[in-house]
$ cat model-v6.txt   # compact mmCIF, C-alpha atoms
# COMPACT_ATOMS: atom_id res chain seq x y z
CA MET A 1 135.17 -90.98 25.59
CA GLY A 2 134.11 -87.66 27.09
CA ARG A 3 130.54 -86.99 28.16
CA THR A 4 129.80 -84.76 25.15
CA VAL A 5 131.09 -87.42 22.78
CA ILE A 6 128.94 -90.07 24.49
CA ILE A 7 125.82 -87.90 24.18
CA PHE A 8 126.63 -87.13 20.52
CA HIS A 9 127.31 -90.83 19.88
CA THR A 10 123.97 -91.83 21.45
CA CYS A 11 122.07 -89.18 19.46
CA ILE A 12 123.62 -90.38 16.19
CA ARG A 13 122.86 -94.01 17.07
CA MET A 14 119.22 -93.16 17.89
CA LEU A 15 118.90 -91.09 14.72
CA VAL A 16 120.21 -93.82 12.41
CA ALA A 17 118.10 -96.46 14.20
CA SER A 18 114.98 -94.27 13.86
CA ILE A 19 115.67 -93.68 10.16
CA LEU A 20 115.97 -97.45 9.56
CA ILE A 21 112.80 -98.28 11.53
CA PHE A 22 110.80 -95.48 9.88
CA ALA A 23 111.98 -96.50 6.38
CA ALA A 24 111.06 -100.12 7.15
CA ILE A 25 107.55 -99.28 8.37
CA VAL A 26 106.81 -97.01 5.41
CA LYS A 27 107.87 -99.75 2.98
CA ALA A 28 106.07 -102.50 4.90
CA VAL A 29 102.75 -100.64 4.70
CA ASP A 30 102.68 -100.96 0.90
CA PRO A 31 105.05 -103.64 -0.48
CA SER A 32 103.50 -103.39 -3.96
CA GLU A 33 104.47 -99.73 -4.26
CA PHE A 34 107.93 -100.46 -2.92
CA GLN A 35 108.29 -103.19 -5.56
CA GLN A 36 107.44 -100.65 -8.30
CA GLN A 37 110.13 -98.35 -6.91
CA ILE A 38 112.69 -101.18 -6.92
CA LEU A 39 111.77 -102.07 -10.50
CA ALA A 40 112.11 -98.45 -11.59
CA TYR A 41 115.86 -98.71 -10.86
CA GLN A 42 115.99 -101.17 -13.80
CA ILE A 43 118.64 -103.22 -11.98
CA VAL A 44 116.64 -106.28 -10.91
CA GLY A 45 113.65 -108.11 -12.37
CA TYR A 46 110.27 -109.09 -10.95
CA LYS A 47 111.33 -112.15 -8.98
CA ILE A 48 114.14 -110.43 -7.08
CA SER A 49 112.06 -107.29 -6.52
CA PHE A 50 109.25 -109.47 -5.14
CA PHE A 51 111.51 -110.94 -2.44
CA ALA A 52 113.30 -107.63 -1.84
CA SER A 53 109.97 -105.86 -1.22
CA TYR A 54 109.47 -108.08 1.85
CA LEU A 55 113.03 -108.80 2.98
CA LEU A 56 114.48 -105.29 2.74
CA PRO A 57 111.96 -103.62 5.09
CA SER A 58 112.31 -106.59 7.45
CA LEU A 59 116.09 -106.31 7.44
CA GLU A 60 115.94 -102.55 7.95
CA PHE A 61 113.59 -103.02 10.90
CA SER A 62 115.83 -105.70 12.47
CA LEU A 63 118.89 -103.48 12.03
CA GLY A 64 117.07 -100.46 13.44
CA VAL A 65 116.05 -102.42 16.55
CA GLY A 66 119.60 -103.85 16.77
CA LEU A 67 121.14 -100.38 16.73
CA LEU A 68 118.57 -98.96 19.12
CA PHE A 69 118.98 -101.66 21.78
CA ARG A 70 122.60 -102.57 20.94
CA LEU A 71 121.73 -106.14 19.96
CA GLY A 72 124.56 -107.65 17.90
CA TYR A 73 125.61 -104.03 17.66
CA ARG A 74 128.82 -104.35 15.66
CA GLN A 75 127.22 -106.70 13.14
CA ALA A 76 124.21 -104.39 12.82
CA LEU A 77 126.59 -101.53 12.01
CA GLN A 78 128.47 -103.61 9.44
CA ILE A 79 125.31 -104.81 7.66
CA SER A 80 123.87 -101.27 7.73
CA MET A 81 127.05 -99.86 6.20
CA PHE A 82 126.89 -102.48 3.46
CA LEU A 83 123.19 -101.72 2.87
CA PHE A 84 123.68 -97.97 2.58
CA ALA A 85 126.72 -98.47 0.34
CA VAL A 86 124.50 -100.55 -1.99
CA PHE A 87 121.74 -97.90 -1.88
CA THR A 88 124.25 -95.17 -2.72
CA ILE A 89 125.70 -97.12 -5.65
CA ALA A 90 122.21 -97.95 -7.00
CA LEU A 91 121.08 -94.32 -6.74
CA THR A 92 124.28 -93.08 -8.36
CA TYR A 93 123.73 -95.55 -11.22
CA THR A 94 120.19 -94.23 -11.86
CA TRP A 95 121.43 -90.66 -11.65
CA ILE A 96 124.21 -91.27 -14.17
CA ALA A 97 121.85 -93.27 -16.42
CA GLY A 98 119.45 -90.30 -16.37
CA LEU A 99 116.50 -92.32 -15.06
CA ASP A 100 113.64 -90.16 -13.86
CA ILE A 101 112.73 -92.02 -10.66
CA SER A 102 112.16 -91.34 -7.00
CA CYS A 103 114.52 -92.80 -4.38
CA GLY A 104 111.88 -95.05 -2.79
CA CYS A 105 113.74 -94.80 0.50
CA PHE A 106 110.78 -93.55 2.54
CA GLY A 107 107.89 -94.29 0.18
CA LYS A 108 105.38 -91.44 0.00
CA PHE A 109 107.01 -89.66 2.93
CA ASP A 110 110.25 -88.98 1.11
CA PHE A 111 110.90 -85.24 1.15
CA VAL A 112 113.91 -85.61 -1.18
CA SER A 113 112.51 -86.10 -4.68
CA LYS A 114 115.73 -85.98 -6.73
CA GLN A 115 118.41 -88.67 -6.84
CA LEU A 116 121.26 -86.28 -6.00
CA GLY A 117 119.59 -85.26 -2.72
CA ALA A 118 119.01 -88.92 -1.82
CA ILE A 119 122.64 -89.80 -2.68
CA ILE A 120 123.91 -87.04 -0.38
CA ARG A 121 121.54 -88.19 2.39
CA ASP A 122 122.76 -91.80 2.07
CA ILE A 123 126.39 -90.68 2.17
CA VAL A 124 125.70 -88.66 5.35
CA ILE A 125 124.09 -91.74 6.98
CA LEU A 126 127.06 -93.81 5.82
CA ILE A 127 129.42 -91.31 7.51
CA PHE A 128 127.33 -91.58 10.72
CA LEU A 129 127.62 -95.38 10.58
CA VAL A 130 131.40 -95.20 10.06
CA PHE A 131 131.62 -92.82 13.05
CA LEU A 132 129.58 -95.25 15.21
CA MET A 133 131.74 -98.17 14.09
CA LYS A 134 134.94 -96.30 14.82
CA SER A 135 133.69 -95.30 18.29
CA GLU A 136 132.74 -98.91 18.96
CA VAL A 137 136.19 -100.17 17.95
CA VAL A 138 137.93 -97.52 20.09
CA ALA A 139 135.67 -98.31 23.07
CA SER A 140 136.33 -102.05 22.86
CA ARG A 141 140.10 -101.41 22.57
CA ASN A 142 139.99 -99.25 25.71
CA ILE A 143 138.14 -102.01 27.58
CA ASP A 144 140.77 -104.53 26.44
CA LYS A 145 143.57 -102.24 27.65
CA ALA A 146 141.85 -101.69 31.01
CA GLU A 147 141.57 -105.45 31.48
CA MET B 1 129.12 -114.97 13.51
CA LYS B 2 125.88 -115.64 15.39
CA PRO B 3 124.45 -112.08 15.27
CA TYR B 4 124.71 -112.15 11.46
CA TYR B 5 122.54 -115.26 11.34
CA GLY B 6 120.21 -113.62 13.84
CA TYR B 7 119.65 -110.64 11.59
CA PHE B 8 119.04 -112.69 8.49
CA LEU B 9 116.72 -115.12 10.27
CA ALA B 10 114.81 -112.24 11.90
CA SER B 11 114.46 -110.58 8.48
CA ILE B 12 113.13 -113.75 6.84
CA PHE B 13 110.72 -114.28 9.74
CA LEU B 14 109.47 -110.68 9.59
CA GLY B 15 109.30 -110.88 5.79
CA VAL B 16 107.05 -113.95 5.94
CA ILE B 17 104.80 -112.20 8.49
CA LEU B 18 104.71 -109.10 6.29
CA PHE B 19 103.74 -111.18 3.24
CA SER B 20 101.07 -113.11 5.16
CA PHE B 21 99.31 -110.14 6.74
CA ASN B 22 99.48 -107.50 4.02
CA SER B 23 96.71 -106.81 1.53
CA LYS B 24 98.95 -104.69 -0.73
CA ARG B 25 101.15 -107.57 -1.81
CA SER B 26 103.83 -107.20 -4.44
CA GLN B 27 103.68 -109.38 -7.55
CA TYR B 28 105.90 -112.27 -8.57
CA GLY B 29 105.31 -111.62 -12.29
CA PRO B 30 104.72 -108.61 -14.57
CA PRO B 31 101.34 -106.83 -14.37
CA GLU B 32 98.71 -106.74 -17.07
CA LEU B 33 98.18 -103.61 -19.17
CA GLY B 34 96.68 -100.71 -17.24
CA GLU B 35 93.88 -98.42 -18.36
CA PHE B 36 94.78 -96.39 -21.48
CA GLU B 37 98.00 -98.36 -21.91
CA VAL B 38 99.06 -99.78 -25.23
CA GLU B 39 101.94 -102.06 -26.18
CA LEU B 40 104.43 -101.15 -28.88
CA LYS B 41 103.65 -104.29 -30.90
CA GLU B 42 100.03 -103.11 -31.22
CA LEU B 43 101.28 -99.90 -32.82
CA ALA B 44 103.64 -101.56 -35.29
CA SER B 45 101.36 -101.02 -38.30
CA GLU B 46 100.69 -97.32 -37.60
CA LEU B 47 104.03 -96.11 -36.23
CA HIS B 48 104.22 -93.19 -38.69
CA ASN B 49 100.62 -92.14 -38.24
CA LEU B 50 100.90 -91.29 -34.55
CA ILE B 51 101.82 -88.28 -32.49
CA TRP B 52 104.53 -89.22 -30.02
CA VAL B 53 104.74 -87.29 -26.78
CA ASP B 54 107.89 -87.57 -24.67
CA ALA B 55 107.07 -87.00 -20.99
CA ARG B 56 110.61 -87.59 -19.73
CA ALA B 57 113.10 -85.01 -18.50
CA GLU B 58 114.41 -82.57 -21.09
CA SER B 59 117.98 -83.92 -20.75
CA ALA B 60 116.78 -87.45 -21.60
CA TYR B 61 114.78 -86.10 -24.57
CA ILE B 62 117.79 -84.19 -25.93
CA GLU B 63 119.94 -87.31 -25.66
CA LYS B 64 117.54 -89.58 -27.60
CA HIS B 65 113.83 -89.76 -28.37
CA VAL B 66 111.30 -91.38 -30.67
CA PRO B 67 111.56 -89.70 -34.11
CA ASN B 68 109.35 -86.59 -34.30
CA ALA B 69 108.32 -86.90 -30.65
CA ILE B 70 107.27 -83.70 -28.90
CA LEU B 71 108.76 -82.95 -25.50
CA LEU B 72 105.80 -82.48 -23.17
CA GLY B 73 106.83 -83.30 -19.61
CA PRO B 74 105.20 -82.01 -16.42
CA ASP B 75 107.70 -79.10 -16.44
CA SER B 76 107.20 -78.14 -20.09
CA PHE B 77 103.47 -78.81 -20.48
CA GLU B 78 102.21 -75.23 -20.91
CA GLN B 79 105.25 -74.22 -22.91
CA ASN B 80 105.12 -77.02 -25.51
CA LEU B 81 101.41 -77.79 -25.69
CA VAL B 82 101.09 -75.55 -28.77
CA LYS B 83 103.51 -77.78 -30.67
CA LEU B 84 101.27 -80.76 -30.03
CA LEU B 85 98.09 -78.92 -30.99
CA GLU B 86 99.69 -77.78 -34.25
CA LYS B 87 100.31 -81.41 -35.20
CA TRP B 88 97.04 -82.80 -33.89
CA THR B 89 94.17 -83.70 -36.21
CA PRO B 90 90.86 -85.30 -35.17
CA GLY B 91 91.12 -89.06 -34.85
CA ILE B 92 94.91 -89.21 -34.70
CA ARG B 93 96.34 -91.33 -31.93
CA VAL B 94 98.54 -89.63 -29.33
CA ILE B 95 101.04 -91.91 -27.58
CA VAL B 96 102.73 -90.65 -24.43
CA TYR B 97 105.83 -92.32 -23.01
CA CYS B 98 108.25 -91.84 -20.14
CA ASP B 99 111.31 -93.84 -19.02
CA SER B 100 109.88 -97.26 -18.28
CA LYS B 101 106.67 -98.96 -17.23
CA PHE B 102 107.13 -97.67 -13.69
CA CYS B 103 107.39 -93.92 -14.15
CA ASP B 104 104.30 -91.77 -13.62
CA SER B 105 104.83 -88.79 -15.90
CA SER B 106 103.34 -90.46 -19.02
CA HIS B 107 100.11 -91.22 -17.12
CA GLU B 108 100.06 -87.72 -15.67
CA ILE B 109 100.48 -86.08 -19.09
CA SER B 110 97.97 -88.35 -20.83
CA GLU B 111 95.40 -87.55 -18.12
CA ARG B 112 96.03 -83.83 -18.51
CA LEU B 113 95.66 -84.10 -22.29
CA ARG B 114 92.34 -85.89 -21.88
CA ASN B 115 90.92 -83.84 -19.01
CA GLU B 116 92.41 -80.36 -19.40
CA VAL B 117 92.88 -80.14 -23.17
CA GLY B 118 89.97 -82.43 -24.09
CA LEU B 119 91.89 -84.63 -26.52
CA GLU B 120 90.58 -88.11 -27.25
CA ASN B 121 92.57 -91.13 -28.28
CA VAL B 122 95.45 -90.42 -25.91
CA TRP B 123 97.37 -93.54 -24.84
CA VAL B 124 100.37 -94.42 -22.73
CA LEU B 125 103.11 -96.62 -24.18
CA HIS B 126 103.46 -99.64 -21.86
CA GLY B 127 107.14 -100.02 -21.01
CA GLY B 128 107.91 -96.46 -22.12
CA TRP B 129 111.21 -95.48 -23.71
CA LYS B 130 112.78 -98.73 -22.53
CA SER B 131 110.38 -100.79 -24.65
CA TRP B 132 111.10 -98.56 -27.66
CA GLU B 133 114.81 -99.08 -27.27
CA GLU B 134 114.36 -102.83 -26.90
CA GLN B 135 112.27 -103.19 -30.06

$ encode --input "model-v6.txt" --output "structure tokens"
Amino acid sequence: MGRTVIIFHTCIRMLVASILIFAAIVKAVDPSEFQQQILAYQIVGYKISFFASYLLPSLEFSLGVGLLFRLGYRQALQISMFLFAVFTIALTYTWIAGLDISCGCFGKFDFVSKQLGAIIRDIVILIFLVFLMKSEVVASRNIDKAE
Amino acid sequence: MKPYYGYFLASIFLGVILFSFNSKRSQYGPPELGEFEVELKELASELHNLIWVDARAESAYIEKHVPNAILLGPDSFEQNLVKLLEKWTPGIRVIVYCDSKFCDSSHEISERLRNEVGLENVWVLHGGWKSWEEQ
């Protein structure tokens, strides 16, 4: 990889990690509000939303730290991709169903109020994650070849 | 495989810490009725003697709504308020609803009707449109 690509790669990695950590902290501050936002999707009930309101911010935080410090990096990328794919599908469902809800992605700090904006944002993050994953695969192949 | 376990164990550990040290805990079961909220079953005997106010988006209203409901969302409040006032008579109960029990627009509209317009007997349907559809 060239120097420019490495810098771009690092910036994207930092950005995605920061987004995950910020989203986790915002949700962790007020789990009860996050639970209401999960319930508003009308996909899961109280019991699942109760556990999700604690486990999702925790998972996002772990993944953010993993991406930031490259801890279990490839697995962090895979789980993050899965997570954002689920978010995108859930948001698309609410959008199609015509539900008038906020994304809940960043709690009160979410500047995107409409589902369509949040869907586009999630897809962009998903593209970033795919780019990071692809770079990682290419880098590990090059190391294998060099060895 | 180990990093996968690591992430899930770390998440459970952090989740337990989050639950233990947070005052704004989420609930395992449904909440009780809030202030100015009313359940549909309470209204069963007077369904035709109410003014229904739909605080959802216009597209949702056009698709389906409670019979004779007036569209009065945050975006159409000034525009459609006259329609409500034309129907309103002293003592009549006004019931505002939005999508489900977790949307805010019904509470926002009912507060505006009480505070800005000065109407009394304005209530929010607990469970919103979803509860109406499930009846």

$ residues_around --input "model-v6.txt" --residues "segment 129-138 of chain A" --least-positions-apart "2" --cutoff "8 Å" --atoms "only C-alpha atoms" --output "ChimeraX atom specification"
/A:9,12-13,16,74,77-78,80-81,125-127,140-142

$ write_last_selection --input "model-v6.txt" --atoms "C-alpha atoms" --output "PDB file, keeping the file's coordinate frame"
ATOM      1  CA  HIS A   9     127.310 -90.830  19.880  1.00  0.00           C
ATOM      2  CA  ILE A  12     123.620 -90.380  16.190  1.00  0.00           C
ATOM      3  CA  ARG A  13     122.860 -94.010  17.070  1.00  0.00           C
ATOM      4  CA  VAL A  16     120.210 -93.820  12.410  1.00  0.00           C
ATOM      5  CA  ARG A  74     128.820-104.350  15.660  1.00  0.00           C
ATOM      6  CA  LEU A  77     126.590-101.530  12.010  1.00  0.00           C
ATOM      7  CA  GLN A  78     128.470-103.610   9.440  1.00  0.00           C
ATOM      8  CA  SER A  80     123.870-101.270   7.730  1.00  0.00           C
ATOM      9  CA  MET A  81     127.050 -99.860   6.200  1.00  0.00           C
ATOM     10  CA  ILE A 125     124.090 -91.740   6.980  1.00  0.00           C
ATOM     11  CA  LEU A 126     127.060 -93.810   5.820  1.00  0.00           C
ATOM     12  CA  ILE A 127     129.420 -91.310   7.510  1.00  0.00           C
ATOM     13  CA  SER A 140     136.330-102.050  22.860  1.00  0.00           C
ATOM     14  CA  ARG A 141     140.100-101.410  22.570  1.00  0.00           C
ATOM     15  CA  ASN A 142     139.990 -99.250  25.710  1.00  0.00           C
TER      16      ASN A 142
END

$ interface_residues --input "model-v6.txt" --of "chain B" --to "chain A" --cutoff "10 Å" --atoms "only C-alpha atoms" --output "NGL selection string"
:B and (1-19 or 22-31 or 56-57 or 59-60 or 63 or 98-105 or 130)

$ atom_distance --input "model-v6.txt" --atom1 "atom CA of Ile119 of chain A" --atom2 "atom CA of Thr88 of chain A"
5.6 Å

$ axis_aligned_box --input "model-v6.txt" --around "segment 29-42 of chain B" --padding-each-side "3 Å" --output "JSON"
{"center_x": 99.6, "center_y": -104.0, "center_z": -21.8, "size_x": 17.4, "size_y": 21.2, "size_z": 24.9}

$ residues_around --input "model-v6.txt" --residues "Val94 of chain B" --least-positions-apart "2" --cutoff "8 Å" --atoms "all atoms listed in the file" --output "list of chain:residue names"
B:Leu50, B:Ile51, B:Trp52, B:Val53, B:Ile92, B:Val96, B:Asn121, B:Val122, B:Trp123

$ residues_around --input "model-v6.txt" --residues "segment 45-48 of chain B" --least-positions-apart "6" --cutoff "12 Å" --atoms "only C-alpha atoms" --output "ChimeraX atom specification"
/B:39,66-69,92-95,132

$ atom_distance --input "model-v6.txt" --atom1 "atom CA of Val124 of chain A" --atom2 "atom CA of Glu58 of chain B"
29.4 Å

$ atom_distance --input "model-v6.txt" --atom1 "atom CA of Leu71 of chain B" --atom2 "atom CA of Leu84 of chain B"
9.0 Å

$ residues_around --input "model-v6.txt" --residues "Glu134 of chain B" --least-positions-apart "5" --cutoff "12 Å" --atoms "all atoms listed in the file" --output "list in words"
Leu40, Lys41, Ser100, Gly127, Gly128 and Trp129 of chain B

$ residues_near_point --input "model-v6.txt" --point "(109.6, -98.0, 0.5)" --cutoff "6 Å" --atoms "all atoms listed in the file" --output "PyMOL selection string"
chain A and resi 26-27+34+104-107

$ write_last_selection --input "model-v6.txt" --atoms "C-alpha atoms" --output "mmCIF file, in the coordinates of the input"
data_model
loop_
_atom_site.group_PDB
_atom_site.id
_atom_site.type_symbol
_atom_site.label_atom_id
_atom_site.label_comp_id
_atom_site.auth_asym_id
_atom_site.auth_seq_id
_atom_site.Cartn_x
_atom_site.Cartn_y
_atom_site.Cartn_z
ATOM 1 C CA VAL A 26 106.810 -97.010 5.410
ATOM 2 C CA LYS A 27 107.870 -99.750 2.980
ATOM 3 C CA PHE A 34 107.930 -100.460 -2.920
ATOM 4 C CA GLY A 104 111.880 -95.050 -2.790
ATOM 5 C CA CYS A 105 113.740 -94.800 0.500
ATOM 6 C CA PHE A 106 110.780 -93.550 2.540
ATOM 7 C CA GLY A 107 107.890 -94.290 0.180
#
